[in-house]
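Asks: Next up, target-v6.csv (CSV, C-alpha atoms).
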```csv
chain,number,residue,atom,x,y,z
O,248,MET,CA,32.0,22.3,42.6
O,249,GLU,CA,31.6,22.7,38.8
O,250,TYR,CA,30.8,19.0,38.6
O,251,HIS,CA,28.1,19.2,41.2
O,252,HIS,CA,26.7,22.3,39.6
O,253,ALA,CA,26.5,20.7,36.2
O,254,SER,CA,24.9,17.6,37.8
O,255,GLU,CA,22.3,19.7,39.6
O,256,MET,CA,21.5,21.5,36.4
O,257,ASN,CA,21.0,18.3,34.5
O,258,GLU,CA,18.7,17.1,37.3
O,259,VAL,CA,16.7,20.3,37.0
O,260,VAL,CA,16.4,20.1,33.3
O,261,SER,CA,15.5,16.4,33.4
O,262,GLU,CA,12.8,17.1,36.0
O,263,TYR,CA,11.5,20.0,33.9
O,264,LEU,CA,11.3,17.8,30.8
O,265,ASN,CA,9.5,15.0,32.7
O,266,MET,CA,7.0,17.5,34.1
O,267,HIS,CA,6.4,18.9,30.6
O,268,ILE,CA,5.9,15.4,29.1
O,269,GLU,CA,3.6,14.4,32.0
O,270,SER,CA,1.6,17.5,31.5
O,271,LYS,CA,1.3,16.9,27.8
O,272,HIS,CA,0.2,13.3,28.4
O,273,ASN,CA,-2.4,14.6,30.9
O,274,ASP,CA,-3.7,17.2,28.4
O,275,LEU,CA,-4.0,14.5,25.8
O,276,GLY,CA,-5.8,12.2,28.2
O,277,LYS,CA,-8.2,14.9,29.2
O,278,GLU,CA,-8.8,15.7,25.5
O,279,LYS,CA,-9.5,12.1,24.8
O,280,GLU,CA,-11.9,11.8,27.7
O,281,SER,CA,-13.7,14.9,26.6
O,282,LYS,CA,-14.1,13.5,23.0
O,283,GLU,CA,-15.4,10.2,24.4
O,284,ALA,CA,-17.9,11.9,26.6
O,285,GLU,CA,-19.1,14.1,23.7
O,286,ASP,CA,-19.5,10.9,21.5
O,287,LEU,CA,-21.5,9.2,24.2
O,288,GLU,CA,-23.8,12.2,24.6
O,289,LYS,CA,-24.3,12.4,20.8
O,290,ARG,CA,-24.9,8.6,20.7
O,291,SER,CA,-27.6,8.9,23.4
O,292,LEU,CA,-29.4,11.6,21.4
O,293,ILE,CA,-29.2,9.5,18.2
O,294,GLU,CA,-30.5,6.5,20.1
O,295,LYS,CA,-33.5,8.5,21.3
O,296,SER,CA,-34.2,9.6,17.8
O,297,TYR,CA,-34.2,6.1,16.4
O,298,SER,CA,-36.6,5.1,19.2
O,299,THR,CA,-38.9,7.8,18.0
O,300,ILE,CA,-38.6,6.8,14.3
O,301,LEU,CA,-39.4,3.1,15.1
O,302,SER,CA,-42.4,4.2,17.2
O,303,GLU,CA,-43.7,6.4,14.4
O,304,LEU,CA,-43.3,3.6,11.9
O,305,GLY,CA,-45.8,1.6,14.1
O,306,GLU,CA,-43.3,-0.6,15.9
O,307,ASP,CA,-43.2,-1.6,19.5
O,308,VAL,CA,-39.8,-0.5,20.7
O,309,GLY,CA,-40.4,-2.4,23.9
O,310,ARG,CA,-40.5,-5.8,22.3
O,311,GLU,CA,-37.6,-8.2,22.7
O,312,GLY,CA,-36.2,-7.9,19.1
O,313,LEU,CA,-36.1,-4.1,19.2
O,314,LEU,CA,-34.9,-3.4,22.8
O,315,ARG,CA,-31.3,-2.6,21.8
O,316,THR,CA,-32.0,-1.7,18.2
O,317,PRO,CA,-31.9,2.1,18.7
O,318,LEU,CA,-28.5,1.8,20.5
O,319,ARG,CA,-27.1,-0.5,17.8
O,320,ALA,CA,-28.4,1.8,15.0
O,321,ALA,CA,-26.8,4.8,16.8
O,322,LYS,CA,-23.4,3.1,17.0
O,323,ALA,CA,-23.7,2.0,13.4
O,324,MET,CA,-24.5,5.5,12.2
O,325,GLN,CA,-21.6,7.0,14.1
O,326,PHE,CA,-19.3,4.4,12.5
O,327,LEU,CA,-20.7,4.9,9.0
O,328,THR,CA,-20.1,8.7,9.3
O,329,LYS,CA,-16.8,8.7,11.1
O,330,GLY,CA,-15.1,10.4,8.2
O,331,TYR,CA,-16.4,13.7,9.5
O,332,LYS,CA,-13.8,13.5,12.3
O,333,GLU,CA,-10.9,12.6,10.0
O,334,THR,CA,-8.8,14.6,7.5
O,335,TYR,CA,-6.4,13.4,4.8
O,336,GLN,CA,-3.6,15.4,6.6
O,337,ASP,CA,-4.0,13.2,9.7
O,338,ILE,CA,-3.1,10.1,7.7
O,339,LEU,CA,-0.6,11.4,5.2
O,340,ASN,CA,1.8,13.5,7.3
O,341,ASP,CA,4.2,10.7,7.8
O,342,ALA,CA,3.6,8.7,4.6
O,343,ILE,CA,4.8,11.1,1.8
O,344,PHE,CA,8.3,10.3,0.5
O,345,ASP,CA,10.7,12.0,-1.9
O,346,GLU,CA,11.2,9.8,-4.9
O,347,ASN,CA,12.6,10.4,-8.4
O,348,HIS,CA,9.7,8.7,-10.1
O,349,ASP,CA,7.4,10.3,-12.7
O,350,GLU,CA,5.5,7.3,-14.2
O,351,MET,CA,1.9,6.6,-13.5
O,352,VAL,CA,1.0,5.0,-10.2
O,353,ILE,CA,-2.4,3.2,-10.1
O,354,VAL,CA,-4.3,1.6,-7.3
O,355,LYS,CA,-7.5,0.0,-8.6
O,356,ASP,CA,-10.5,-1.9,-7.2
O,357,ILE,CA,-10.6,-0.1,-3.9
O,358,GLU,CA,-13.8,-1.1,-2.3
O,359,LEU,CA,-16.0,1.6,-0.9
O,360,PHE,CA,-19.2,1.9,1.0
O,361,SER,CA,-21.1,5.1,1.6
O,362,LEU,CA,-24.5,6.5,2.4
O,363,CYS,CA,-26.6,8.5,-0.1
O,364,GLU,CA,-27.4,11.9,1.5
O,365,HIS,CA,-30.8,12.0,-0.2
O,366,HIS,CA,-32.3,8.9,1.3
O,367,LEU,CA,-29.7,7.6,3.9
O,368,VAL,CA,-29.4,4.3,2.1
O,369,PRO,CA,-26.1,2.7,1.0
O,370,PHE,CA,-24.2,2.9,-2.2
O,371,PHE,CA,-21.2,0.8,-2.8
O,372,GLY,CA,-18.6,-0.1,-5.4
O,373,LYS,CA,-15.0,0.4,-6.3
O,374,ALA,CA,-12.6,3.3,-6.8
O,375,HIS,CA,-9.7,3.4,-9.2
O,376,ILE,CA,-7.0,6.0,-8.5
O,377,ALA,CA,-4.0,7.1,-10.5
O,378,TYR,CA,-1.4,9.9,-10.1
O,379,LEU,CA,1.7,11.1,-11.9
O,380,PRO,CA,4.3,11.8,-9.2
O,381,ASN,CA,6.2,15.1,-9.1
O,382,LYS,CA,9.2,14.0,-7.0
O,383,LYS,CA,6.8,12.8,-4.3
O,384,VAL,CA,5.1,9.4,-3.7
O,385,VAL,CA,2.7,8.2,-1.0
O,386,GLY,CA,2.3,4.9,0.7
O,387,LEU,CA,-0.2,2.9,-1.4
O,388,SER,CA,-2.5,2.0,1.5
O,389,LYS,CA,-3.0,5.7,2.2
O,390,LEU,CA,-4.9,6.1,-1.1
O,391,ALA,CA,-7.4,3.6,0.2
O,392,ARG,CA,-7.5,5.5,3.5
O,393,ILE,CA,-8.4,8.7,1.7
O,394,VAL,CA,-11.3,6.9,-0.1
O,395,GLU,CA,-12.4,5.6,3.4
O,396,ILE,CA,-12.3,9.1,4.9
O,397,TYR,CA,-14.6,10.7,2.3
O,398,SER,CA,-16.9,7.7,1.8
O,399,ARG,CA,-17.7,7.5,5.5
O,400,ARG,CA,-19.8,10.6,5.2
O,401,LEU,CA,-23.2,11.4,3.8
O,402,GLN,CA,-22.4,11.7,0.1
O,403,VAL,CA,-23.3,11.9,-3.5
O,404,GLN,CA,-21.0,10.0,-5.8
O,405,GLU,CA,-20.1,13.0,-7.9
O,406,ARG,CA,-18.8,15.0,-4.9
O,407,LEU,CA,-17.1,11.9,-3.4
O,408,THR,CA,-15.1,11.5,-6.6
O,409,LYS,CA,-14.0,15.1,-6.6
O,410,GLN,CA,-13.0,15.1,-2.9
O,411,ILE,CA,-10.8,12.1,-3.3
O,412,ALA,CA,-9.0,13.6,-6.4
O,413,SER,CA,-8.7,17.1,-4.7
O,414,ALA,CA,-7.2,15.6,-1.5
O,415,ILE,CA,-4.5,13.7,-3.5
O,416,SER,CA,-3.7,16.7,-5.6
O,417,GLU,CA,-3.3,19.0,-2.6
O,418,ALA,CA,-1.2,16.5,-0.6
O,419,LEU,CA,1.2,15.4,-3.3
O,420,GLU,CA,1.1,18.3,-5.9
O,421,PRO,CA,1.5,15.7,-8.7
O,422,ALA,CA,1.5,16.3,-12.4
O,423,GLY,CA,-1.9,14.8,-12.6
O,424,VAL,CA,-4.6,12.8,-10.7
O,425,ALA,CA,-7.4,10.6,-12.0
O,426,VAL,CA,-10.2,9.0,-10.0
O,427,VAL,CA,-13.0,6.8,-11.4
O,428,ILE,CA,-15.8,5.4,-9.2
O,429,GLU,CA,-18.2,2.6,-10.2
O,430,ALA,CA,-21.0,2.2,-7.7
O,431,VAL,CA,-24.5,0.6,-7.2
O,432,HIS,CA,-27.0,2.8,-5.4
O,433,MET,CA,-29.6,1.2,-3.2
O,434,CYS,CA,-31.9,4.2,-3.7
O,435,MET,CA,-32.2,3.0,-7.3
O,436,VAL,CA,-32.3,-0.7,-6.6
O,437,MET,CA,-34.5,-0.9,-3.5
O,438,ARG,CA,-36.9,2.1,-4.2
O,439,GLY,CA,-37.8,4.4,-6.9
O,440,VAL,CA,-37.1,2.9,-10.4
O,441,GLN,CA,-35.9,-0.4,-8.8
O,442,LYS,CA,-33.4,-1.2,-11.5
O,443,MET,CA,-31.3,-4.1,-10.2
O,444,ASN,CA,-28.5,-3.9,-12.7
O,445,ALA,CA,-28.0,-0.1,-12.9
O,446,SER,CA,-24.6,1.2,-11.9
O,447,THR,CA,-23.2,4.7,-11.9
O,448,VAL,CA,-19.7,5.7,-13.1
O,449,THR,CA,-18.1,9.1,-12.2
O,450,SER,CA,-14.7,10.4,-13.0
O,451,VAL,CA,-12.5,13.4,-12.2
O,452,MET,CA,-9.3,14.1,-14.2
O,453,LEU,CA,-6.9,16.7,-13.0
O,454,GLY,CA,-3.6,18.1,-14.5
O,455,LYS,CA,-2.1,15.9,-17.2
O,456,PHE,CA,-5.0,13.4,-17.1
O,457,HIS,CA,-7.3,16.3,-18.1
O,458,ASP,CA,-5.0,18.0,-20.6
O,459,ASP,CA,-3.4,15.0,-22.3
O,460,PRO,CA,-5.8,12.5,-24.1
O,461,LYS,CA,-3.0,9.9,-24.3
O,462,THR,CA,-2.4,9.9,-20.6
O,463,ARG,CA,-6.1,9.7,-19.9
O,464,LYS,CA,-6.6,6.9,-22.4
O,465,GLU,CA,-3.8,4.9,-20.8
O,466,PHE,CA,-5.3,5.2,-17.4
O,467,LEU,CA,-8.8,4.2,-18.5
O,468,ALA,CA,-7.4,1.2,-20.5
O,469,LEU,CA,-5.5,0.0,-17.5
O,470,THR,CA,-8.3,0.4,-14.9
O,471,MET,CA,-11.4,-0.4,-16.8
O,472,ARG,CA,-10.4,-3.6,-18.5
O,473,LYS,CA,-11.8,-6.7,-16.8
```
Output the file's structure as structure tokens, nothing else.
Replies:
Amino acid sequence: MEYHHASEMNEVVSEYLNMHIESKHNDLGKEKESKEAEDLEKRSLIEKSYSTILSELGEDVGREGLLRTPLRAAKAMQFLTKGYKETYQDILNDAIFDENHDEMVIVKDIELFSLCEHHLVPFFGKAHIAYLPNKKVVGLSKLARIVEIYSRRLQVQERLTKQIASAISEALEPAGVAVVIEAVHMCMVMRGVQKMNASTVTSVMLGKFHDDPKTRKEFLALTMRK
């Protein structure tokens, strides 16, 4: 009797767990469907807005070359600003490791593309990142992912540089973080002053990179040399 009782209890527990897992999967499925529906609704509104813009510019939105342009532009804009839906916590929660290492870690020449929030035209370039571990290290590709998250938003370069540095500092609590971005802005190249060779360099130094000139100098020497 005891054996059958234990067996029945195991079956009940197993059934309960299966129901719980199935319910969780159903909830996740509904959440995903809801987000997809919301994205489609937003895309439709953006598409209509692009149709209006093209018409106001004097274009015929009914001509063959522009029939699907508003939809393509809406999809492109959603992709170029997808960083609003992402956080650094989402990508780092399983990629931070305990490691007895306290020397400088540098990842340089991380390509980035973003949109200037003043004119909605691109700026692009490279980010150089360094941090001094405080018993914690992160998977190197995750630094590039952090750059991606914040660059895929409407930005100014100064804020982008600070957001990347702050995210790394909050996630790893290192002894120091340094970020330098070199970028070309189409708002300067294509319009306005139209200076083809102008580039913008911004930097943020936190912790030891800010307080110790030797550490800062080492970082700049390693990243800025060609």
Asks: Can you build me a table of segment 359-397 of chain O residues sitting at most 8 Å from segment 413-434 of chain O, with the closest atom pair per residue and its distance in Å to one decimal, using all atoms listed in the file, sorted by chain and residue number, as JSON lines?
Replies:
```
{"residue": "O:Cys363", "atom": "CA", "partner": "O:Cys434", "partner_atom": "CA", "distance": 7.7}
{"residue": "O:His366", "atom": "CA", "partner": "O:Cys434", "partner_atom": "CA", "distance": 6.9}
{"residue": "O:Val368", "atom": "CA", "partner": "O:Met433", "partner_atom": "CA", "distance": 6.1}
{"residue": "O:Pro369", "atom": "CA", "partner": "O:Met433", "partner_atom": "CA", "distance": 5.7}
{"residue": "O:Phe370", "atom": "CA", "partner": "O:His432", "partner_atom": "CA", "distance": 4.3}
{"residue": "O:Phe371", "atom": "CA", "partner": "O:Ala430", "partner_atom": "CA", "distance": 5.1}
{"residue": "O:Gly372", "atom": "CA", "partner": "O:Ala430", "partner_atom": "CA", "distance": 4.0}
{"residue": "O:Lys373", "atom": "CA", "partner": "O:Glu429", "partner_atom": "CA", "distance": 5.5}
{"residue": "O:Ala374", "atom": "CA", "partner": "O:Ile428", "partner_atom": "CA", "distance": 4.5}
{"residue": "O:His375", "atom": "CA", "partner": "O:Val427", "partner_atom": "CA", "distance": 5.2}
{"residue": "O:Ile376", "atom": "CA", "partner": "O:Val426", "partner_atom": "CA", "distance": 4.6}
{"residue": "O:Ala377", "atom": "CA", "partner": "O:Ala425", "partner_atom": "CA", "distance": 5.1}
{"residue": "O:Tyr378", "atom": "CA", "partner": "O:Val424", "partner_atom": "CA", "distance": 4.4}
{"residue": "O:Leu379", "atom": "CA", "partner": "O:Gly423", "partner_atom": "CA", "distance": 5.2}
{"residue": "O:Pro380", "atom": "CA", "partner": "O:Pro421", "partner_atom": "CA", "distance": 4.8}
{"residue": "O:Asn381", "atom": "CA", "partner": "O:Pro421", "partner_atom": "CA", "distance": 4.8}
{"residue": "O:Lys383", "atom": "CA", "partner": "O:Leu419", "partner_atom": "CA", "distance": 6.3}
{"residue": "O:Val384", "atom": "CA", "partner": "O:Leu419", "partner_atom": "CA", "distance": 7.2}
{"residue": "O:Val385", "atom": "CA", "partner": "O:Leu419", "partner_atom": "CA", "distance": 7.7}
{"residue": "O:Leu390", "atom": "CA", "partner": "O:Ile415", "partner_atom": "CA", "distance": 8.0}
{"residue": "O:Ile393", "atom": "CA", "partner": "O:Ala414", "partner_atom": "CA", "distance": 7.7}
```
Asks: Restrict the selected residues to C-alpha atoms and save them as an mmCIF file, keeping the file's coordinate frame.
Replies:
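To be explicit, this is the file written out as part-v4.cif:
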```
data_model
loop_
_atom_site.group_PDB
_atom_site.id
_atom_site.type_symbol
_atom_site.label_atom_id
_atom_site.label_comp_id
_atom_site.auth_asym_id
_atom_site.auth_seq_id
_atom_site.Cartn_x
_atom_site.Cartn_y
_atom_site.Cartn_z
ATOM 1 C CA CYS O 363 -26.600 8.500 -0.100
ATOM 2 C CA HIS O 366 -32.300 8.900 1.300
ATOM 3 C CA VAL O 368 -29.400 4.300 2.100
ATOM 4 C CA PRO O 369 -26.100 2.700 1.000
ATOM 5 C CA PHE O 370 -24.200 2.900 -2.200
ATOM 6 C CA PHE O 371 -21.200 0.800 -2.800
ATOM 7 C CA GLY O 372 -18.600 -0.100 -5.400
ATOM 8 C CA LYS O 373 -15.000 0.400 -6.300
ATOM 9 C CA ALA O 374 -12.600 3.300 -6.800
ATOM 10 C CA HIS O 375 -9.700 3.400 -9.200
ATOM 11 C CA ILE O 376 -7.000 6.000 -8.500
ATOM 12 C CA ALA O 377 -4.000 7.100 -10.500
ATOM 13 C CA TYR O 378 -1.400 9.900 -10.100
ATOM 14 C CA LEU O 379 1.700 11.100 -11.900
ATOM 15 C CA PRO O 380 4.300 11.800 -9.200
ATOM 16 C CA ASN O 381 6.200 15.100 -9.100
ATOM 17 C CA LYS O 383 6.800 12.800 -4.300
ATOM 18 C CA VAL O 384 5.100 9.400 -3.700
ATOM 19 C CA VAL O 385 2.700 8.200 -1.000
ATOM 20 C CA LEU O 390 -4.900 6.100 -1.100
ATOM 21 C CA ILE O 393 -8.400 8.700 1.700
#
```
Asks: Which polymer residues have any atom within 7 Å of an atom of segment 465-470 of chain O, counting only C-alpha atoms, with same-chain residues fewer than 3 positions away left out, as an MDAnalysis selection string?
Replies: chainID O and resid 355 375 461:462
Asks: Kindly indicate which residue among O:Asn340, O:Glu333, O:Ala321, O:Val394 lies nearest to Ile357 of chain O, using only C-alpha atoms for the distances.
Replies: O:Val394
Asks: Can you measure atom CA of Val354 of chain O to atom CA of Asp458 of chain O for me? One decimal in Å is fine.
Replies: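 Between these atoms lies a distance of 21.1 Å.
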Asks: In Å to one decimal, how far is atom CA of Asp341 of chain O from atom CA of Gly386 of chain O?
Replies: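 Interatomic distance, atom CA of Gly386 of chain O to atom CA of Asp341 of chain O: 9.4 Å.
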Asks: May I have the residues within 9 Å of Leu327 of chain O as a compact mmCIF listing (two decimals) with C-alpha atoms, in the frame of the given file, using only C-alpha atoms and disregarding those fewer than 5 positions away in the same chain?
Replies:
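part_14.txt, freshly written:
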```txt
# COMPACT_ATOMS: atom_id res chain seq x y z
CA LYS O 322 -23.40 3.10 17.00
CA PHE O 360 -19.20 1.90 1.00
CA SER O 361 -21.10 5.10 1.60
CA LEU O 362 -24.50 6.50 2.40
CA SER O 398 -16.90 7.70 1.80
CA ARG O 399 -17.70 7.50 5.50
CA ARG O 400 -19.80 10.60 5.20
CA LEU O 401 -23.20 11.40 3.80
```
Asks: Please determine, counting only C-alpha atoms, which residue among O:Asp337, O:Ser450, O:Thr328, O:Met471 has the shortest atom-to-atom distance to Gln402 of chain O.
Replies: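 Comparing O:Asp337, O:Ser450, O:Thr328, O:Met471 against Gln402 of chain O, the winner is O:Thr328.
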Asks: Provide the atom CA of Ile338 of chain O to atom CA of Lys382 of chain O distance in Å, to one decimal place.
Replies: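 A separation of 19.6 Å between them.
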Asks: Of the residues O:Met435, O:Leu339, O:Ala284, O:Leu292, which is the one nearest to Leu387 of chain O, using all atoms listed in the file?
Replies: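 With all atoms listed in the file as the atom set, the closest residue is O:Leu339.
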